[in-house]
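Participant: Take this structure first; my questions come after.
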Amino acid sequence: MTTAVEELMSSPPVTCGADTTLGEATALMDRRQIGSVVVTDRDAVVGILTERDLLRASATQVDPRRESVRRWMTADPDVLGPHDEVTAAWSGLTHHHYRHLPVVDGGDLVGVVSLRDLLSVAQIRPAGEAAADGPRGLEGVVVAATSVGDVRGQQGFFHYRQYSAVDLASDRSLEDVWHLLFDGTLPDRRRSAEFDHEVAGLRDLPPGLAGLLPSLAARGTPLDVLRSAVSILGSELGWTPTLDTGRRGLRAQALRLAAVVPTILTAVHRLQQGAEPVPPRQDLSYAANYLWMLTGREAPAAHVRAVEQYLILTLDHGFNASTFTARVITSTGADLAAAIVGAIGALSGPLHGGAPSRALAMLDDIGSPDRAEAWIRRAVARGDRIMGFGHRVYKTDDPRSVFLRHVARSLGGDLFDFAEQVERTAVDVLADLKPGRELYTNVEFFAGVVMHTCGIPRDMFTPTFASSRTIGWATHVMEQAADNRLIRPAARYVGPPPPQPVPIP
Ligand SMILES: CC(C)(COP(=O)(O)OP(=O)(O)OC[C@H]1O[C@@H](n2cnc3c(N)ncnc32)[C@H](O)[C@@H]1OP(=O)(O)O)[C@@H](O)C(=O)NCCC(=O)NCCS
């Protein structure tokens with residue numbers, strides 16, 4: 001049950017004019033036993049004067065008998081509506097550190113709500129239970145501190161450690177950025193060569209897993225098989241719970257995991273095509289070796305670099321669902337394999353990582369640019385989501401999409417031209433039918449175009465994403481394990497009130 005602000009606000013509110021003196025306002029607050037007065041001008045709210053403002057004034061030499069409220073009040077304060085839920089009032093008061101908020105209805109001041117009013121309705125619940133509901137989907141809730149990176153949705157910017165991820169994709173190799181994530185620094189030339197050599201030597205499948213892979217490959221999509229394979233990998237290599245594994249040991253496991261995941265995925269793909277797996281090569285970079293194992297041919301340098309840039313851009317991305325999953329599992333002290341298996345499961349959902357092949361399927365279905373507008377209008381009218389558009393955090397261009405559009409353009413081809421036309425149409429149609437939702441292409445849209453152009457088959461799009469994201473997940477697992485606290489939130493029970501008598505048949 002929700003409570004509206006009007007049910008607990010103080011009304012009528014105590015007001016004064018902006019020319020009232022501080023002395024008069026203090027006397028008024030004292031007389032009425034209140035902590036604030038709303039400052040009005042011809043019934044419109046122009047400010048709020050609180051005890052805090054009076055304290056600030058008293059710390060100076062001003063004469064309260066002469067000084068006007070206007071100079072010390074908070075002008076144009078945030079206001080609430082009478083029908084707002086108290087949760088809105090909570091967030092205003094707690095996030096902005098306000099103690100009082102005016103309540104305005106159709107321009108008229110109708111009350112004031114204070115922290116005291118809110119406390120009067122706060123439920124007294126057993127210790128240990130959450131007192132406040134988080135927003136559905138935990139949007140905007142901070143649940144951990146991280147130095148891995150962050151996403152600034154409003155600015156269309158994301159970074160790994162202290163570097164723009166887009167700059168890293170444009171200037172560095174995947175292995176260098178992997179080193180940045182795992183070890184905290186960008187390597188110099190010598191260290192870079194050492195690290196390349198170290199990880200290239202970890203690509204072979206362990207024999208037990210290699211033996212099982214053909215039968216696993218017959219039983220699901222590459223991502224399904226990856227889940228099982230990572231599980232087996234952890235057991236075969238004897239990975240211990242993170243709770244019992246030191247930092248160096250966990251880093252060694254994480255390196256092995258991230259190096260071998262591409263080998264697992266490409267082997268599964270080939271087995272599913274009825275072909276033999278292509279063993280990894282140590283003389284190739286991560287991206288070149290990925291394409292080599294997938295096709296058995298050395299890919300052109302432009303394709304290698306395009307795929308590498310895609311992989312760099314998808315290494316990590318804030319507290320997305322799969323990363324959060326990996327950290328929750330790690331917080332229980334479970335082993336690295338358990339955390340990654342959970343993360344792969346979260347990534348497999350179409351609302352997270354499963355979209356790039358669907359975006360291409362949409363392009364296929366649209367068929368030609370002249371059909372795009374009608375197709376998209378029909379889809380939105382049916383309530384369908386346009387795949388590859390919209391993002392929980394970005395309300396402007398997704399920087400990954402901007403960069404991948406540029407990569408796709410440099411690769412060229414008919415598919416890119418068509419995709420760009422569909423993008424323009426979809427953005428316009430979504431702005432028309434879903435105004436104010438700020439829906440633009442996300443990473444998935446041009447990712448599909450880049451991967452397709454570089455010869456990665458569609459059923460390998462999300463697995464390729466999983467391959468690079470494994471590096472990000474593993475980084476988060478290490479960070480969580482290094483400073484762990486069990487992640488255990490609460491849920492609000494909304495079923496029939498317990499305890500009910502148990503029916504006896
Ligand atoms: C990514 C995504 C799940 C984020 O969703 P979210 O933050 O939960 O956004 P919401 O579901 O609250 O959507 C807000 C509004 O925008 C609309 N919307 C969001 N994405 C949309 C899309 N791709 N196509 C059409 N409408 C969309 C919703 O219908 C909703 O409209 P409403 O206010 O009329 O109900 C969502 O944009 C989506 O489903 N996109 C398509 C799938 C995709 O590309 N996934 C890859 C993500 S990297």
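Ligands are numbered from 1 in the order shown, residues from 1 within each chain, and chains are lettered A, B, ... in the order they appear in the structure tokens.
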Would you list the residues that come within 6 Å of ligand 1? Count only C-alpha atoms and all ligand atoms and give the answer as a list in words.
Facilitator: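 Going residue by residue within 6 Å of ligand 1, we get Pro350, Leu351, His352, Gly353, Ala355, Val380, Arg385, Ile386, Met387, Gly388, Phe389, Gly390, His391, Arg392, Arg437, Asn442, Val443 and Glu444 of chain A.
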Participant: Write out, as a tab-separated table (two decimals), in the first residue's frame, the residues just selected, with all heavy atoms.
Facilitator:
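Result file is part-v6.tsv:
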chain	number	residue	atom	x	y	z
A	350	PRO	N	17.55	-11.95	-23.88
A	350	PRO	CA	17.52	-10.98	-24.98
A	350	PRO	C	17.53	-9.52	-24.50
A	350	PRO	O	17.93	-8.64	-25.25
A	350	PRO	CB	16.21	-11.26	-25.71
A	350	PRO	CG	15.62	-12.46	-25.09
A	350	PRO	CD	16.41	-12.86	-23.88
A	351	LEU	N	17.13	-9.27	-23.25
A	351	LEU	CA	17.17	-7.88	-22.80
A	351	LEU	C	18.58	-7.47	-22.41
A	351	LEU	O	18.84	-6.31	-22.12
A	351	LEU	CB	16.23	-7.68	-21.60
A	351	LEU	CG	14.76	-7.98	-21.88
A	351	LEU	CD1	13.90	-7.55	-20.70
A	351	LEU	CD2	14.28	-7.28	-23.15
A	352	HIS	N	19.49	-8.42	-22.40
A	352	HIS	CA	20.87	-8.08	-22.01
A	352	HIS	C	21.78	-8.34	-23.21
A	352	HIS	O	22.07	-7.43	-23.97
A	352	HIS	CB	21.24	-8.91	-20.78
A	352	HIS	CG	22.55	-8.56	-20.15
A	352	HIS	ND1	23.36	-7.56	-20.61
A	352	HIS	CD2	23.19	-9.07	-19.07
A	352	HIS	CE1	24.44	-7.48	-19.85
A	352	HIS	NE2	24.36	-8.39	-18.90
A	353	GLY	N	22.19	-9.58	-23.39
A	353	GLY	CA	23.20	-9.82	-24.44
A	353	GLY	C	22.67	-10.51	-25.67
A	353	GLY	O	23.40	-10.75	-26.62
A	355	ALA	N	20.67	-9.64	-28.01
A	355	ALA	CA	20.00	-8.84	-29.04
A	355	ALA	C	20.68	-8.75	-30.42
A	355	ALA	O	19.98	-8.53	-31.40
A	355	ALA	CB	19.73	-7.44	-28.52
A	380	VAL	N	6.04	-1.33	-33.12
A	380	VAL	CA	5.86	-0.56	-31.88
A	380	VAL	C	4.39	-0.55	-31.48
A	380	VAL	O	4.05	-0.68	-30.30
A	380	VAL	CB	6.42	0.88	-32.02
A	380	VAL	CG1	6.17	1.71	-30.77
A	380	VAL	CG2	7.92	0.85	-32.33
A	385	ARG	N	9.47	-4.61	-28.85
A	385	ARG	CA	10.69	-3.80	-28.72
A	385	ARG	C	11.47	-3.87	-30.02
A	385	ARG	O	11.57	-4.93	-30.63
A	385	ARG	CB	11.58	-4.39	-27.62
A	385	ARG	CG	10.91	-4.44	-26.26
A	385	ARG	CD	11.08	-3.12	-25.60
A	385	ARG	NE	10.23	-2.97	-24.44
A	385	ARG	CZ	10.69	-2.57	-23.27
A	385	ARG	NH1	11.95	-2.34	-23.09
A	385	ARG	NH2	9.85	-2.38	-22.28
A	386	ILE	N	12.03	-2.75	-30.41
A	386	ILE	CA	12.89	-2.75	-31.60
A	386	ILE	C	14.28	-3.14	-31.12
A	386	ILE	O	14.90	-2.42	-30.32
A	386	ILE	CB	12.91	-1.36	-32.27
A	386	ILE	CG1	11.48	-0.86	-32.52
A	386	ILE	CG2	13.71	-1.38	-33.56
A	386	ILE	CD1	10.66	-1.76	-33.41
A	387	MET	N	14.75	-4.28	-31.59
A	387	MET	CA	16.01	-4.82	-31.05
A	387	MET	C	17.20	-3.95	-31.46
A	387	MET	O	17.30	-3.52	-32.60
A	387	MET	CB	16.22	-6.25	-31.54
A	387	MET	CG	15.30	-7.22	-30.87
A	387	MET	SD	15.66	-7.36	-29.10
A	387	MET	CE	14.03	-7.55	-28.43
A	388	GLY	N	18.07	-3.73	-30.46
A	388	GLY	CA	19.23	-2.90	-30.73
A	388	GLY	C	18.98	-1.42	-30.46
A	388	GLY	O	19.83	-0.58	-30.72
A	389	PHE	N	17.79	-1.12	-29.88
A	389	PHE	CA	17.47	0.27	-29.53
A	389	PHE	C	17.07	0.34	-28.05
A	389	PHE	O	16.46	-0.58	-27.52
A	389	PHE	CB	16.31	0.80	-30.38
A	389	PHE	CG	16.71	1.02	-31.81
A	389	PHE	CD1	16.79	-0.05	-32.69
A	389	PHE	CD2	17.07	2.29	-32.26
A	389	PHE	CE1	17.20	0.13	-33.99
A	389	PHE	CE2	17.49	2.48	-33.56
A	389	PHE	CZ	17.56	1.39	-34.44
A	390	GLY	N	17.43	1.47	-27.43
A	390	GLY	CA	17.06	1.69	-26.04
A	390	GLY	C	18.10	1.16	-25.10
A	390	GLY	O	18.84	0.21	-25.42
A	391	HIS	N	18.23	1.79	-23.96
A	391	HIS	CA	19.18	1.34	-22.96
A	391	HIS	C	18.75	1.83	-21.59
A	391	HIS	O	18.22	2.93	-21.47
A	391	HIS	CB	20.59	1.86	-23.29
A	391	HIS	CG	21.66	1.11	-22.57
A	391	HIS	ND1	22.09	1.46	-21.33
A	391	HIS	CD2	22.35	-0.01	-22.92
A	391	HIS	CE1	23.03	0.61	-20.94
A	391	HIS	NE2	23.19	-0.30	-21.88
A	392	ARG	N	18.97	0.98	-20.58
A	392	ARG	CA	18.60	1.37	-19.22
A	392	ARG	C	19.38	2.60	-18.75
A	392	ARG	O	18.85	3.47	-18.05
A	392	ARG	CB	18.84	0.17	-18.29
A	392	ARG	CG	18.68	0.43	-16.80
A	392	ARG	CD	17.30	0.90	-16.39
A	392	ARG	NE	16.23	-0.01	-16.62
A	392	ARG	CZ	15.85	-1.00	-15.82
A	392	ARG	NH1	16.49	-1.21	-14.70
A	392	ARG	NH2	14.82	-1.76	-16.12
A	437	ARG	N	11.25	9.21	-24.48
A	437	ARG	CA	11.93	8.01	-23.93
A	437	ARG	C	13.40	7.96	-24.35
A	437	ARG	O	14.15	7.14	-23.86
A	437	ARG	CB	11.26	6.73	-24.43
A	437	ARG	CG	10.00	6.21	-23.81
A	437	ARG	CD	9.06	7.10	-23.11
A	437	ARG	NE	7.74	6.46	-23.06
A	437	ARG	CZ	6.68	6.87	-23.73
A	437	ARG	NH1	6.74	7.99	-24.46
A	437	ARG	NH2	5.55	6.23	-23.64
A	442	ASN	N	21.65	0.93	-29.34
A	442	ASN	CA	22.58	0.50	-28.30
A	442	ASN	C	23.70	-0.30	-28.97
A	442	ASN	O	23.73	-0.45	-30.19
A	442	ASN	CB	21.85	-0.27	-27.20
A	442	ASN	CG	21.10	-1.49	-27.73
A	442	ASN	OD1	21.64	-2.24	-28.53
A	442	ASN	ND2	19.86	-1.66	-27.29
A	443	VAL	N	24.58	-0.83	-28.13
A	443	VAL	CA	25.77	-1.52	-28.66
A	443	VAL	C	25.43	-2.62	-29.65
A	443	VAL	O	26.18	-2.91	-30.59
A	443	VAL	CB	26.60	-2.10	-27.48
A	443	VAL	CG1	25.82	-3.14	-26.71
A	443	VAL	CG2	27.92	-2.67	-27.94
A	444	GLU	N	24.25	-3.23	-29.47
A	444	GLU	CA	23.95	-4.44	-30.22
A	444	GLU	C	23.71	-4.19	-31.71
A	444	GLU	O	23.96	-5.06	-32.53
A	444	GLU	CB	22.70	-5.13	-29.65
A	444	GLU	CG	22.72	-5.32	-28.15
A	444	GLU	CD	23.64	-6.44	-27.72
A	444	GLU	OE1	24.45	-6.89	-28.56
A	444	GLU	OE2	23.56	-6.85	-26.57
Participant: Applying 8 Å and only C-alpha atoms, which residues near Glu423 (chain A) remain after dropping the ones on its own chain fewer than 4 positions away? List them as number ranges by chain.
Facilitator: A: 419, 427, 441
Participant: Calculated over only C-alpha atoms, which of the candidates A:Ala18, A:Phe416, A:Arg400, A:Thr425 has the smallest distance to Arg377 (chain A)?
Facilitator: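 Result for the nearest residue to Arg377 (chain A): A:Thr425.
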Participant: Among region 236-321 of chain A, which residues does DSSP mark as helix (DSSP H, G or I) when it is run on the backbone? Keep the chain and numbering as in the structure and answer as a ChimeraX atom specification.
Facilitator: /A:236,242-244,247-272,286-295,301-313,321
Participant: Name the closest residue to Leu181 (chain A) among the candidates A:Asp150, A:Asp316, A:Glu373, A:Asp459; distances are taken between atoms, counting only C-alpha atoms.
Facilitator: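 Nearest to Leu181 (chain A): A:Asp316.
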Participant: Just the number, please: distance in Å from CA of Ser357 (chain A) to CA of Gly448 (chain A), one decimal.
Facilitator: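 Separation of CA of Ser357 (chain A) and CA of Gly448 (chain A): 6.2 Å.
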Participant: Using only C-alpha atoms, find the one residue out of A:Ala372, A:Leu430, A:Leu404, A:Leu311 that sits nearest to Ser467 (chain A).
Facilitator: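 Nearest candidate to Ser467 (chain A) out of A:Ala372, A:Leu430, A:Leu404, A:Leu311: A:Leu311.
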Participant: As an exercise, work out the distance from CA of Ser331 (chain A) to CA of Val477 (chain A) in Å and give it to one decimal place.
Facilitator: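 For CA of Ser331 (chain A) relative to CA of Val477 (chain A), the distance reads 8.6 Å.
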Participant: Residues at most 12 Å from Met451 (chain A), counting only C-alpha atoms, excluding those fewer than 3 positions away in the same chain, as a PyMOL selection string?
Facilitator: chain A and resi 287+291+303-311+356-357+360+404-405+407-408+411+415-416+444-448+454-465
Participant: Could you dump the residues just selected with N, CA, C and O atoms as a compact mmCIF listing (two decimals), in the first residue's frame?
Facilitator:
# COMPACT_ATOMS: atom_id res chain seq x y z
N ALA A 287 42.19 -11.57 -30.82
CA ALA A 287 41.15 -11.41 -31.85
C ALA A 287 41.50 -12.22 -33.10
O ALA A 287 40.63 -12.89 -33.68
N LEU A 291 39.25 -15.49 -34.67
CA LEU A 291 38.76 -15.68 -36.04
C LEU A 291 39.41 -16.91 -36.69
O LEU A 291 38.77 -17.63 -37.46
N HIS A 303 39.55 -6.98 -40.53
CA HIS A 303 38.54 -7.73 -39.78
C HIS A 303 39.03 -8.00 -38.36
O HIS A 303 38.28 -7.89 -37.40
N VAL A 304 40.31 -8.36 -38.26
CA VAL A 304 40.87 -8.64 -36.93
C VAL A 304 40.73 -7.40 -36.05
O VAL A 304 40.28 -7.47 -34.91
N ARG A 305 41.10 -6.25 -36.62
CA ARG A 305 41.07 -5.04 -35.79
C ARG A 305 39.63 -4.64 -35.45
O ARG A 305 39.35 -4.22 -34.34
N ALA A 306 38.71 -4.80 -36.41
CA ALA A 306 37.31 -4.45 -36.14
C ALA A 306 36.75 -5.33 -35.02
O ALA A 306 36.11 -4.84 -34.08
N VAL A 307 37.03 -6.62 -35.09
CA VAL A 307 36.54 -7.53 -34.05
C VAL A 307 37.23 -7.20 -32.72
O VAL A 307 36.59 -7.18 -31.66
N GLU A 308 38.52 -6.91 -32.77
CA GLU A 308 39.23 -6.56 -31.54
C GLU A 308 38.60 -5.32 -30.90
O GLU A 308 38.41 -5.26 -29.68
N GLN A 309 38.26 -4.34 -31.72
CA GLN A 309 37.66 -3.12 -31.16
C GLN A 309 36.30 -3.41 -30.55
O GLN A 309 35.94 -2.89 -29.49
N TYR A 310 35.53 -4.27 -31.23
CA TYR A 310 34.25 -4.68 -30.65
C TYR A 310 34.47 -5.35 -29.28
O TYR A 310 33.79 -5.04 -28.30
N LEU A 311 35.46 -6.24 -29.25
CA LEU A 311 35.73 -6.98 -28.00
C LEU A 311 36.15 -6.02 -26.88
O LEU A 311 35.72 -6.16 -25.74
N PRO A 356 22.01 -8.90 -30.56
CA PRO A 356 22.59 -8.54 -31.86
C PRO A 356 22.07 -9.40 -33.00
O PRO A 356 21.82 -8.89 -34.10
N SER A 357 21.87 -10.70 -32.74
CA SER A 357 21.38 -11.52 -33.85
C SER A 357 19.93 -11.15 -34.14
O SER A 357 19.48 -11.20 -35.29
N LEU A 360 19.83 -8.18 -36.44
CA LEU A 360 20.04 -8.55 -37.84
C LEU A 360 18.81 -9.25 -38.41
O LEU A 360 18.44 -9.03 -39.57
N LEU A 404 31.06 1.77 -33.00
CA LEU A 404 30.89 0.61 -33.89
C LEU A 404 30.27 1.02 -35.22
O LEU A 404 30.52 0.39 -36.25
N ARG A 405 29.47 2.09 -35.21
CA ARG A 405 28.95 2.60 -36.49
C ARG A 405 30.13 3.03 -37.36
O ARG A 405 30.19 2.73 -38.55
N VAL A 407 33.24 1.95 -37.07
CA VAL A 407 33.98 0.75 -37.49
C VAL A 407 33.27 0.08 -38.67
O VAL A 407 33.90 -0.29 -39.67
N ALA A 408 31.95 -0.05 -38.54
CA ALA A 408 31.17 -0.71 -39.60
C ALA A 408 31.27 0.08 -40.90
O ALA A 408 31.40 -0.49 -41.98
N LEU A 411 34.44 -0.59 -42.63
CA LEU A 411 34.48 -1.90 -43.29
C LEU A 411 33.67 -1.87 -44.60
O LEU A 411 33.93 -2.63 -45.52
N LEU A 415 25.25 -4.01 -46.27
CA LEU A 415 24.52 -4.18 -45.01
C LEU A 415 24.64 -2.92 -44.16
O LEU A 415 23.68 -2.48 -43.54
N PHE A 416 25.86 -2.32 -44.16
CA PHE A 416 26.03 -1.11 -43.36
C PHE A 416 25.10 0.01 -43.86
O PHE A 416 24.43 0.66 -43.06
N GLU A 444 24.25 -3.23 -29.47
CA GLU A 444 23.95 -4.44 -30.22
C GLU A 444 23.71 -4.19 -31.71
O GLU A 444 23.96 -5.06 -32.53
N PHE A 445 23.20 -3.04 -32.05
CA PHE A 445 22.76 -2.82 -33.42
C PHE A 445 23.92 -2.90 -34.41
O PHE A 445 23.94 -3.75 -35.30
N PHE A 446 24.92 -2.04 -34.21
CA PHE A 446 26.05 -2.08 -35.16
C PHE A 446 27.02 -3.21 -34.85
O PHE A 446 27.81 -3.61 -35.71
N ALA A 447 26.95 -3.75 -33.61
CA ALA A 447 27.78 -4.93 -33.30
C ALA A 447 27.43 -6.05 -34.27
O ALA A 447 28.31 -6.73 -34.81
N GLY A 448 26.12 -6.23 -34.48
CA GLY A 448 25.68 -7.28 -35.40
C GLY A 448 26.24 -7.04 -36.80
O GLY A 448 26.71 -7.98 -37.47
N CYS A 454 32.55 -9.28 -40.62
CA CYS A 454 33.84 -9.93 -40.38
C CYS A 454 33.72 -11.45 -40.40
O CYS A 454 34.68 -12.16 -40.01
N GLY A 455 32.58 -11.96 -40.79
CA GLY A 455 32.46 -13.41 -40.99
C GLY A 455 32.10 -14.20 -39.75
O GLY A 455 32.24 -15.42 -39.72
N ILE A 456 31.65 -13.51 -38.69
CA ILE A 456 31.21 -14.25 -37.50
C ILE A 456 29.75 -14.64 -37.70
O ILE A 456 28.90 -13.76 -37.96
N PRO A 457 29.45 -15.93 -37.61
CA PRO A 457 28.05 -16.33 -37.84
C PRO A 457 27.13 -15.85 -36.72
O PRO A 457 27.57 -15.63 -35.60
N ARG A 458 25.86 -15.73 -37.04
CA ARG A 458 24.92 -15.12 -36.09
C ARG A 458 24.84 -15.85 -34.76
O ARG A 458 24.70 -15.22 -33.72
N ASP A 459 24.89 -17.18 -34.82
CA ASP A 459 24.74 -17.88 -33.54
C ASP A 459 25.97 -17.68 -32.65
O ASP A 459 25.97 -18.10 -31.50
N MET A 460 26.99 -17.02 -33.19
CA MET A 460 28.18 -16.74 -32.38
C MET A 460 28.23 -15.28 -31.91
O MET A 460 29.20 -14.88 -31.26
N PHE A 461 27.20 -14.50 -32.20
CA PHE A 461 27.25 -13.08 -31.78
C PHE A 461 27.28 -12.96 -30.25
O PHE A 461 28.18 -12.36 -29.67
N THR A 462 26.25 -13.52 -29.62
CA THR A 462 26.22 -13.39 -28.15
C THR A 462 27.39 -14.15 -27.51
O THR A 462 28.01 -13.64 -26.57
N PRO A 463 27.75 -15.34 -28.00
CA PRO A 463 28.94 -16.00 -27.45
C PRO A 463 30.21 -15.14 -27.58
O PRO A 463 31.04 -15.11 -26.67
N THR A 464 30.35 -14.41 -28.69
CA THR A 464 31.53 -13.55 -28.85
C THR A 464 31.51 -12.44 -27.79
O THR A 464 32.53 -12.11 -27.19
N PHE A 465 30.34 -11.92 -27.56
CA PHE A 465 30.16 -10.93 -26.49
C PHE A 465 30.55 -11.57 -25.15
O PHE A 465 31.30 -10.99 -24.34
Participant: So which one's closest to Leu271 (chain A), A:Ala218, A:Ala302, A:Met293, A:Ala259? Using only C-alpha atoms, please.
Facilitator: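 Among the listed residues, A:Ala218 lies closest to Leu271 (chain A).
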Participant: Excluding Ser235 (chain A) and residues on its chain fewer than 2 positions from it, collect all residues at most 12 Å away from it, counting only C-alpha atoms, and give them as a list in words.
Facilitator: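 In the requested format, the answer is Pro206, Gly208, Leu209, Ser228, Ala229, Val230, Ser231, Ile232, Leu233, Leu237, Gly238, Trp239, Thr240, Pro241, Gln253, Asp335, Leu336, Ala337 and Ala338 of chain A.
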Participant: Can you write just those residues out, N, CA and C atoms, as a CSV table (one decimal), in the first residue's frame?
Facilitator:
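Output below, filename out_18.csv:
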chain,number,residue,atom,x,y,z
A,206,PRO,N,41.8,-28.0,-21.4
A,206,PRO,CA,42.4,-29.1,-20.6
A,206,PRO,C,41.8,-30.4,-21.2
A,208,GLY,N,40.3,-33.2,-20.1
A,208,GLY,CA,39.0,-33.7,-19.7
A,208,GLY,C,37.9,-33.0,-20.5
A,209,LEU,N,38.0,-31.7,-20.5
A,209,LEU,CA,37.0,-30.8,-21.1
A,209,LEU,C,37.0,-31.1,-22.6
A,228,SER,N,28.0,-25.1,-19.3
A,228,SER,CA,28.4,-26.4,-18.8
A,228,SER,C,29.9,-26.5,-18.9
A,229,ALA,N,30.5,-26.0,-19.9
A,229,ALA,CA,32.0,-26.2,-20.1
A,229,ALA,C,32.7,-25.4,-19.0
A,230,VAL,N,32.3,-24.2,-18.7
A,230,VAL,CA,33.0,-23.5,-17.6
A,230,VAL,C,32.8,-24.2,-16.3
A,231,SER,N,31.7,-24.8,-16.1
A,231,SER,CA,31.5,-25.6,-14.8
A,231,SER,C,32.5,-26.7,-14.8
A,232,ILE,N,32.6,-27.4,-15.9
A,232,ILE,CA,33.6,-28.6,-16.0
A,232,ILE,C,35.0,-28.1,-15.8
A,233,LEU,N,35.3,-26.9,-16.5
A,233,LEU,CA,36.6,-26.4,-16.4
A,233,LEU,C,37.0,-26.1,-15.0
A,237,LEU,N,40.1,-28.1,-13.2
A,237,LEU,CA,41.3,-27.4,-12.8
A,237,LEU,C,41.4,-27.2,-11.3
A,238,GLY,N,40.4,-27.8,-10.6
A,238,GLY,CA,40.4,-27.8,-9.1
A,238,GLY,C,40.3,-26.4,-8.5
A,239,TRP,N,39.4,-25.6,-9.1
A,239,TRP,CA,39.2,-24.2,-8.6
A,239,TRP,C,38.5,-24.3,-7.2
A,240,THR,N,39.1,-23.6,-6.3
A,240,THR,CA,38.6,-23.6,-4.9
A,240,THR,C,37.7,-22.5,-4.7
A,241,PRO,N,36.8,-22.5,-3.7
A,241,PRO,CA,35.9,-21.3,-3.4
A,241,PRO,C,36.8,-20.0,-3.3
A,253,GLN,N,43.6,-18.2,-12.0
A,253,GLN,CA,42.4,-18.9,-12.5
A,253,GLN,C,41.7,-18.0,-13.5
A,335,ASP,N,33.2,-20.4,-6.0
A,335,ASP,CA,34.4,-20.4,-6.9
A,335,ASP,C,34.1,-19.5,-8.2
A,336,LEU,N,35.2,-19.2,-8.8
A,336,LEU,CA,35.1,-18.4,-10.0
A,336,LEU,C,34.2,-19.0,-11.1
A,337,ALA,N,34.3,-20.3,-11.3
A,337,ALA,CA,33.4,-21.0,-12.3
A,337,ALA,C,32.0,-20.7,-12.0
A,338,ALA,N,31.6,-20.8,-10.7
A,338,ALA,CA,30.2,-20.6,-10.4
A,338,ALA,C,29.7,-19.2,-10.7
Participant: Please, which residues in region 407-499 of chain A fall within 10 Å of region 155-177 of chain A when counting only C-alpha atoms, and what is the closest atom pair and distance in Å to one decimal for each, ordered by chain then residue number, as CSV?
Facilitator:
residue,atom,partner,partner_atom,distance
A:Val407,CA,A:Ser170,CA,9.9
A:Ser468,CA,A:Leu174,CA,9.0
A:Ile471,CA,A:Val177,CA,9.7
A:Gly472,CA,A:Tyr160,CA,9.7
Participant: Keeping C-alpha atoms, export the residues of the selection given above as a PDB file, in the first residue's frame.
Facilitator:
ATOM      1  CA  VAL A 407      33.980   0.746 -37.487  1.00  0.00           C
ATOM      2  CA  SER A 468      35.161 -10.571 -24.054  1.00  0.00           C
ATOM      3  CA  ILE A 471      37.393 -10.669 -18.818  1.00  0.00           C
ATOM      4  CA  GLY A 472      35.173  -8.002 -17.249  1.00  0.00           C
TER       5      GLY A 472
END
Participant: Show me, as a ChimeraX atom specification, the residues that have an atom within 7 Å of Ala4 (chain A) when counting only C-alpha atoms, minus same-chain residues fewer than 4 positions from it.
Facilitator: /A:82-86
Participant: For each of A:Ala359, A:Asp384, A:Glu479, A:Ile376, take the minimum atom-to-atom distance to Val429 (chain A), counting only C-alpha atoms, then give the residue where this is smallest.
Facilitator: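 Under the stated criterion, the closest residue is A:Ile376.
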Participant: CA of Leu22 (chain A) and CA of Arg52 (chain A), how far apart in Å?
Facilitator: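 CA of Leu22 (chain A) lies at a distance of 12.5 Å from CA of Arg52 (chain A).
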